[in-house]
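One file, final_22.cif, is given below (mmCIF, C-alpha atoms, pLDDT in the B column; chains and numbers go by the auth columns).
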```cif
data_query
#
loop_
_atom_site.group_PDB
_atom_site.id
_atom_site.type_symbol
_atom_site.label_atom_id
_atom_site.label_comp_id
_atom_site.label_asym_id
_atom_site.label_seq_id
_atom_site.Cartn_x
_atom_site.Cartn_y
_atom_site.Cartn_z
_atom_site.B_iso_or_equiv
_atom_site.auth_seq_id
_atom_site.auth_asym_id
ATOM 1 C CA MET A 1 -49.635 250.106 -46.376 38.00 1 O
ATOM 2 C CA SER A 2 -47.875 247.565 -48.562 35.00 2 O
ATOM 3 C CA VAL A 3 -44.901 245.493 -47.545 38.00 3 O
ATOM 4 C CA THR A 4 -42.142 245.066 -50.094 38.00 4 O
ATOM 5 C CA HIS A 5 -39.410 242.490 -49.777 40.00 5 O
ATOM 6 C CA SER A 6 -35.917 243.492 -50.730 42.00 6 O
ATOM 7 C CA SER A 7 -34.619 240.880 -53.133 42.00 7 O
ATOM 8 C CA GLY A 8 -31.095 241.744 -52.028 41.00 8 O
ATOM 9 C CA ASN A 9 -31.666 240.455 -48.508 50.00 9 O
ATOM 10 C CA PRO A 10 -33.672 237.225 -48.591 61.00 10 O
ATOM 11 C CA SER A 11 -34.604 235.403 -45.405 82.00 11 O
ATOM 12 C CA LYS A 12 -32.523 232.324 -44.818 90.00 12 O
ATOM 13 C CA LEU A 13 -32.737 229.281 -42.574 94.00 13 O
ATOM 14 C CA SER A 14 -29.786 227.538 -40.957 94.00 14 O
ATOM 15 C CA GLN A 15 -29.015 224.813 -38.422 94.00 15 O
ATOM 16 C CA VAL A 16 -32.254 222.970 -39.171 95.00 16 O
ATOM 17 C CA ILE A 17 -32.170 220.040 -36.734 96.00 17 O
ATOM 18 C CA VAL A 18 -34.531 217.285 -35.589 97.00 18 O
ATOM 19 C CA CYS A 19 -33.684 216.096 -32.065 97.00 19 O
ATOM 20 C CA GLU A 20 -35.268 214.414 -29.052 96.00 20 O
ATOM 21 C CA ASP A 21 -35.566 217.623 -27.033 95.00 21 O
ATOM 22 C CA LEU A 22 -33.728 220.792 -26.020 96.00 22 O
ATOM 23 C CA ASP A 23 -31.653 221.227 -22.884 96.00 23 O
ATOM 24 C CA GLU A 24 -31.979 224.162 -20.492 95.00 24 O
ATOM 25 C CA LYS A 25 -29.691 226.243 -22.766 93.00 25 O
ATOM 26 C CA LEU A 26 -31.917 225.428 -25.776 90.00 26 O
ATOM 27 C CA GLN A 27 -29.238 223.194 -27.305 93.00 27 O
ATOM 28 C CA PRO A 28 -30.438 220.078 -29.209 96.00 28 O
ATOM 29 C CA LEU A 29 -30.371 216.777 -27.294 96.00 29 O
ATOM 30 C CA ASN A 30 -29.627 213.632 -29.342 96.00 30 O
ATOM 31 C CA PRO A 31 -29.984 215.206 -32.799 97.00 31 O
ATOM 32 C CA GLY A 32 -30.110 212.731 -35.646 95.00 32 O
ATOM 33 C CA SER A 33 -32.045 211.130 -38.436 96.00 33 O
ATOM 34 C CA SER A 34 -33.099 207.925 -36.669 97.00 34 O
ATOM 35 C CA PHE A 35 -35.030 207.709 -33.417 97.00 35 O
ATOM 36 C CA PRO A 36 -36.101 204.752 -31.266 95.00 36 O
ATOM 37 C CA TYR A 37 -39.537 203.180 -31.300 93.00 37 O
ATOM 38 C CA GLY A 38 -41.647 204.566 -28.464 93.00 38 O
ATOM 39 C CA SER A 39 -40.497 208.170 -28.915 93.00 39 O
ATOM 40 C CA ARG A 40 -43.498 210.336 -28.011 93.00 40 O
ATOM 41 C CA GLN A 41 -42.166 213.636 -29.291 94.00 41 O
ATOM 42 C CA LEU A 42 -39.384 215.083 -31.372 96.00 42 O
ATOM 43 C CA CYS A 43 -38.213 218.644 -31.621 96.00 43 O
ATOM 44 C CA LEU A 44 -37.538 220.682 -34.756 97.00 44 O
ATOM 45 C CA THR A 45 -35.293 223.685 -34.225 96.00 45 O
ATOM 46 C CA PHE A 46 -33.721 226.158 -36.624 95.00 46 O
ATOM 47 C CA ASN A 47 -32.299 229.639 -36.880 94.00 47 O
ATOM 48 C CA TYR A 48 -33.407 232.285 -39.336 94.00 48 O
ATOM 49 C CA GLN A 49 -31.653 235.366 -40.624 94.00 49 O
ATOM 50 C CA GLY A 50 -32.852 238.418 -42.495 94.00 50 O
ATOM 51 C CA ALA A 51 -36.584 237.918 -41.961 94.00 51 O
ATOM 52 C CA HIS A 52 -38.926 240.691 -43.034 93.00 52 O
ATOM 53 C CA GLU A 53 -42.040 241.775 -41.143 89.00 53 O
ATOM 54 C CA GLY A 54 -44.876 239.595 -42.413 88.00 54 O
ATOM 55 C CA ASP A 55 -42.762 236.639 -43.582 94.00 55 O
ATOM 56 C CA ARG A 56 -44.886 233.480 -43.327 94.00 56 O
ATOM 57 C CA LEU A 57 -43.549 230.097 -42.375 94.00 57 O
ATOM 58 C CA ARG A 58 -45.321 226.771 -42.911 97.00 58 O
ATOM 59 C CA ILE A 59 -44.107 223.651 -41.133 97.00 59 O
ATOM 60 C CA GLU A 60 -45.350 220.304 -42.503 96.00 60 O
ATOM 61 C CA TRP A 61 -44.689 216.944 -40.877 94.00 61 O
ATOM 62 C CA VAL A 62 -45.216 214.037 -43.286 95.00 62 O
ATOM 63 C CA HIS A 63 -45.210 210.316 -42.379 95.00 63 O
ATOM 64 C CA GLU A 64 -45.065 207.800 -45.254 95.00 64 O
ATOM 65 C CA ASN A 65 -46.298 210.481 -47.707 93.00 65 O
ATOM 66 C CA ARG A 66 -49.249 211.421 -45.481 95.00 66 O
ATOM 67 C CA LEU A 67 -49.504 214.859 -43.895 95.00 67 O
ATOM 68 C CA ILE A 68 -49.744 214.444 -40.120 90.00 68 O
ATOM 69 C CA TYR A 69 -49.388 218.011 -38.935 91.00 69 O
ATOM 70 C CA GLN A 70 -49.133 221.495 -40.388 94.00 70 O
ATOM 71 C CA GLU A 71 -48.566 224.816 -38.680 95.00 71 O
ATOM 72 C CA ASN A 72 -48.400 228.344 -40.076 95.00 72 O
ATOM 73 C CA VAL A 73 -46.579 231.106 -38.208 93.00 73 O
ATOM 74 C CA SER A 74 -45.263 234.602 -38.844 92.00 74 O
ATOM 75 C CA LEU A 75 -41.612 235.397 -38.295 91.00 75 O
ATOM 76 C CA ALA A 76 -40.467 238.419 -36.344 90.00 76 O
ATOM 77 C CA ALA A 77 -38.299 240.736 -38.413 93.00 77 O
ATOM 78 C CA GLY A 78 -34.553 240.212 -38.201 95.00 78 O
ATOM 79 C CA ASN A 79 -32.825 237.110 -36.869 95.00 79 O
ATOM 80 C CA GLY A 80 -34.046 234.490 -34.428 93.00 80 O
ATOM 81 C CA ASN A 81 -34.668 230.872 -33.547 93.00 81 O
ATOM 82 C CA LYS A 82 -37.832 228.779 -33.833 94.00 82 O
ATOM 83 C CA VAL A 83 -38.729 225.547 -32.057 95.00 83 O
ATOM 84 C CA PHE A 84 -41.589 223.189 -32.894 94.00 84 O
ATOM 85 C CA TYR A 85 -42.494 219.944 -31.167 93.00 85 O
ATOM 86 C CA LEU A 86 -43.752 217.014 -33.219 91.00 86 O
ATOM 87 C CA LEU A 87 -46.128 214.918 -31.151 89.00 87 O
ATOM 88 C CA LYS A 88 -49.414 213.130 -31.513 84.00 88 O
ATOM 89 C CA GLU A 89 -52.452 214.672 -29.832 83.00 89 O
ATOM 90 C CA ASP A 90 -53.285 211.419 -28.037 90.00 90 O
ATOM 91 C CA ALA A 91 -49.682 211.181 -26.686 86.00 91 O
ATOM 92 C CA SER A 92 -49.188 207.809 -28.379 91.00 92 O
ATOM 93 C CA PRO A 93 -45.733 206.914 -29.718 92.00 93 O
ATOM 94 C CA LEU A 94 -44.724 208.485 -33.013 92.00 94 O
ATOM 95 C CA PRO A 95 -45.437 206.270 -36.030 89.00 95 O
ATOM 96 C CA VAL A 96 -42.730 203.841 -37.156 94.00 96 O
ATOM 97 C CA GLY A 97 -41.293 204.461 -40.610 96.00 97 O
ATOM 98 C CA SER A 98 -39.993 207.279 -42.736 97.00 98 O
ATOM 99 C CA ASN A 99 -40.920 210.874 -41.969 96.00 99 O
ATOM 100 C CA HIS A 100 -39.890 214.312 -43.083 96.00 100 O
ATOM 101 C CA VAL A 101 -40.461 217.844 -41.970 96.00 101 O
ATOM 102 C CA SER A 102 -40.493 220.588 -44.569 96.00 102 O
ATOM 103 C CA ILE A 103 -40.241 224.296 -43.921 96.00 103 O
ATOM 104 C CA ASP A 104 -41.738 226.667 -46.477 96.00 104 O
ATOM 105 C CA LEU A 105 -41.032 230.376 -46.320 93.00 105 O
ATOM 106 C CA ASN A 106 -43.541 232.589 -48.144 93.00 106 O
ATOM 107 C CA GLY A 107 -44.685 229.586 -50.193 93.00 107 O
ATOM 108 C CA ARG A 108 -41.239 228.286 -51.179 94.00 108 O
ATOM 109 C CA GLN A 109 -39.635 225.234 -49.621 95.00 109 O
ATOM 110 C CA ARG A 110 -36.464 226.302 -47.831 94.00 110 O
ATOM 111 C CA ALA A 111 -35.613 223.163 -45.855 95.00 111 O
ATOM 112 C CA LYS A 112 -36.538 219.490 -45.638 96.00 112 O
ATOM 113 C CA VAL A 113 -35.301 217.140 -42.929 96.00 113 O
ATOM 114 C CA GLU A 114 -35.845 213.396 -43.240 97.00 114 O
ATOM 115 C CA PHE A 115 -35.899 211.090 -40.231 97.00 115 O
ATOM 116 C CA THR A 116 -36.950 207.567 -39.335 97.00 116 O
ATOM 117 C CA ILE A 117 -38.682 206.053 -36.322 96.00 117 O
ATOM 118 C CA LYS A 118 -37.219 202.561 -35.897 96.00 118 O
ATOM 119 C CA PRO A 119 -39.512 199.538 -35.427 94.00 119 O
ATOM 120 C CA PRO A 120 -39.588 197.829 -32.004 88.00 120 O
ATOM 121 C CA GLY A 121 -36.552 195.695 -31.262 81.00 121 O
ATOM 122 C CA LYS A 122 -34.265 197.361 -33.834 59.00 122 O
#
```

Take the structure from the file and write it as C-alpha cells.
Amino acid sequence: MSVTHSSGNPSKLSQVIVCEDLDEKLQPLNPGSSFPYGSRQLCLTFNYQGAHEGDRLRIEWVHENRLIYQENVSLAAGNGNKVFYLLKEDASPLPVGSNHVSIDLNGRQRAKVEFTIKPPGK
C-alpha cells in the first residue's frame, strides 16, 4: 500500500516555542530566547495541523554549529502537539552560547528557533 500526500493540505507547524518547562496545563513556562547559565533542561513545544499518516519529523539541537542531539519521530494523522526536552545525558548544565533547534518535516525545514544560554554572572 502506498501513501500519497495531498499537496492541497500540507502539514503545518505553529506556536513553536522554547521554554524552561511546561505547567500542569501544558502551557509554556518562561518562554524566550535567552536562558540563565545553569539551566539543565529546556523544553521545545509546538502544534501541528494537517499531518498525514507516516509524516516524519526530525528535531535537531545545534550548539555553536555542532549537532548535540537529534531525534526522529512519526506524527499521528491530523492535528496535535509535540513536546521535546533538551537536556544533556549527564545532567550537566546546558552549554553557554548560541543554540538553535530546527524542525524538519519529511526532509524539509519547517521551523528554526534560536536561543542563547547566558554565561555565569550575566

Exercise for the section: Can you give me, as a VMD selection string, the residues this file yields under the PyMOL selection byres ((chain O and resi 109-116) around 6)? Expected result: chain O and resid 33 to 34 97 to 104 108 117

Exercise for the section: Determine, counting all atoms listed in the file, which protein, DNA and RNA residues have an atom within 10 Å of an atom of Phe46 in chain O; residues of the same chain fewer than 4 positions away are not included. Present the result as a list in words. Expected result: Leu13, Ser14, Gln15, Val16, Ile17, Val18, Gly80, Asn81, Lys82, Val83, Phe84, Ile103 and Ala111 of chain O

Problem - range 53-55 of chain O environment, 8 Å, all atoms listed in the file, sequence neighbours closer than 4 positions dropped, as JSON, numbers by chain - result: {"O": [3, 74, 75, 76, 77, 105, 106]}

Exercise for the section: Write out as an MDAnalysis selection string which residues come within 7 Å of Lys12 in chain O when counting all atoms listed in the file, dropping same-chain ones fewer than 2 positions away. Expected result: chainID O and resid 10 14 48:50

Handout entry: Straight-line distance linking CA of Asp23 in chain O with CA of Leu87 in chain O, stated in Å to one decimal
Key =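 The value is 17.8 Å.
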
Exercise for the section: Would you work out the distance separating CA of Pro95 in chain O from CA of Val73 in chain O, expressed in Å to one decimal? Expected result: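 Computed distance, CA of Pro95 in chain O to CA of Val73 in chain O, equals 25.0 Å.
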
Handout entry: Top pick for closest residue to Asn30 in chain O, considering O:Leu44, O:Ala51, O:Val96, O:Leu67 and counting only C-alpha atoms
Key =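 Of the candidates, the smallest distance to Asn30 in chain O is held by O:Leu44.
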
Handout entry: Using all atoms listed in the file: which of O:Leu57, O:Val62, O:Ile68, O:Leu86 has the shortest distance to Cys43 in chain O
Key =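 The closest residue to Cys43 in chain O is O:Leu86.
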
Handout entry: Computed interatomic separation between CA of Asn47 in chain O and CA of Glu71 in chain O (Å)
Key = 17.1 Å

Practice task
Name the residues captured by the PyMOL selection byres ((chain O and resi 41) around 8) when it is applied to the shown file; answer as a list in words.
Solution key: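 Written out, the selection comes to Glu20, Ser39, Arg40, Leu42, Cys43, Tyr85, Leu86, Leu87, Lys88, Pro93 and Leu94 of chain O.
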
Handout entry: Who sits within 12 Å of Gly121 in chain O, only C-alpha atoms, same chain under 6 positions skipped, as a ChimeraX atom specification
Key = /O:36-38,96

If I only have part of range 51-68 of chain O, can you fill in N, CA, C and O atoms and write it as a CSV table (one decimal), in the coordinates of the input?
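File produced: part-v2.csv:
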```csv
chain,number,residue,atom,x,y,z
O,51,ALA,N,-35.1,238.0,-41.8
O,51,ALA,CA,-36.6,237.9,-42.0
O,51,ALA,C,-37.2,239.3,-42.1
O,51,ALA,O,-36.6,240.3,-41.5
O,52,HIS,N,-38.2,239.4,-42.9
O,52,HIS,CA,-38.9,240.7,-43.0
O,52,HIS,C,-40.3,240.6,-42.3
O,52,HIS,O,-40.8,239.5,-42.2
O,53,GLU,N,-40.7,241.7,-41.8
O,53,GLU,CA,-42.0,241.8,-41.1
O,53,GLU,C,-43.1,241.2,-42.1
O,53,GLU,O,-43.1,241.5,-43.3
O,54,GLY,N,-43.8,240.2,-41.6
O,54,GLY,CA,-44.9,239.6,-42.4
O,54,GLY,C,-44.4,238.3,-43.1
O,54,GLY,O,-45.3,237.7,-43.8
O,55,ASP,N,-43.2,237.9,-43.0
O,55,ASP,CA,-42.8,236.6,-43.6
O,55,ASP,C,-43.6,235.5,-42.9
O,55,ASP,O,-43.8,235.5,-41.7
O,56,ARG,N,-44.0,234.6,-43.8
O,56,ARG,CA,-44.9,233.5,-43.3
O,56,ARG,C,-44.1,232.2,-43.5
O,56,ARG,O,-43.5,231.9,-44.5
O,57,LEU,N,-44.2,231.4,-42.4
O,57,LEU,CA,-43.5,230.1,-42.4
O,57,LEU,C,-44.6,229.0,-42.3
O,57,LEU,O,-45.6,229.2,-41.5
O,58,ARG,N,-44.4,227.9,-43.0
O,58,ARG,CA,-45.3,226.8,-42.9
O,58,ARG,C,-44.5,225.5,-42.6
O,58,ARG,O,-43.5,225.3,-43.4
O,59,ILE,N,-44.8,224.9,-41.5
O,59,ILE,CA,-44.1,223.7,-41.1
O,59,ILE,C,-45.0,222.5,-41.5
O,59,ILE,O,-46.2,222.5,-41.1
O,60,GLU,N,-44.5,221.5,-42.2
O,60,GLU,CA,-45.4,220.3,-42.5
O,60,GLU,C,-44.6,219.1,-42.1
O,60,GLU,O,-43.4,218.9,-42.4
O,61,TRP,N,-45.3,218.2,-41.3
O,61,TRP,CA,-44.7,216.9,-40.9
O,61,TRP,C,-45.4,215.9,-41.7
O,61,TRP,O,-46.6,215.8,-41.6
O,62,VAL,N,-44.6,215.1,-42.4
O,62,VAL,CA,-45.2,214.0,-43.3
O,62,VAL,C,-44.7,212.7,-42.9
O,62,VAL,O,-43.4,212.5,-42.7
O,63,HIS,N,-45.6,211.7,-42.7
O,63,HIS,CA,-45.2,210.3,-42.4
O,63,HIS,C,-45.7,209.4,-43.5
O,63,HIS,O,-46.9,209.4,-43.8
O,64,GLU,N,-44.7,208.7,-44.1
O,64,GLU,CA,-45.1,207.8,-45.3
O,64,GLU,C,-46.0,208.5,-46.3
O,64,GLU,O,-47.0,208.0,-46.7
O,65,ASN,N,-45.6,209.7,-46.7
O,65,ASN,CA,-46.3,210.5,-47.7
O,65,ASN,C,-47.7,211.0,-47.3
O,65,ASN,O,-48.5,211.3,-48.1
O,66,ARG,N,-48.0,210.9,-46.0
O,66,ARG,CA,-49.2,211.4,-45.5
O,66,ARG,C,-49.0,212.6,-44.5
O,66,ARG,O,-48.2,212.4,-43.6
O,67,LEU,N,-49.7,213.7,-44.8
O,67,LEU,CA,-49.5,214.9,-43.9
O,67,LEU,C,-50.1,214.6,-42.5
O,67,LEU,O,-51.3,214.2,-42.4
O,68,ILE,N,-49.3,214.7,-41.5
O,68,ILE,CA,-49.7,214.4,-40.1
O,68,ILE,C,-50.1,215.8,-39.4
O,68,ILE,O,-51.0,215.9,-38.7
```
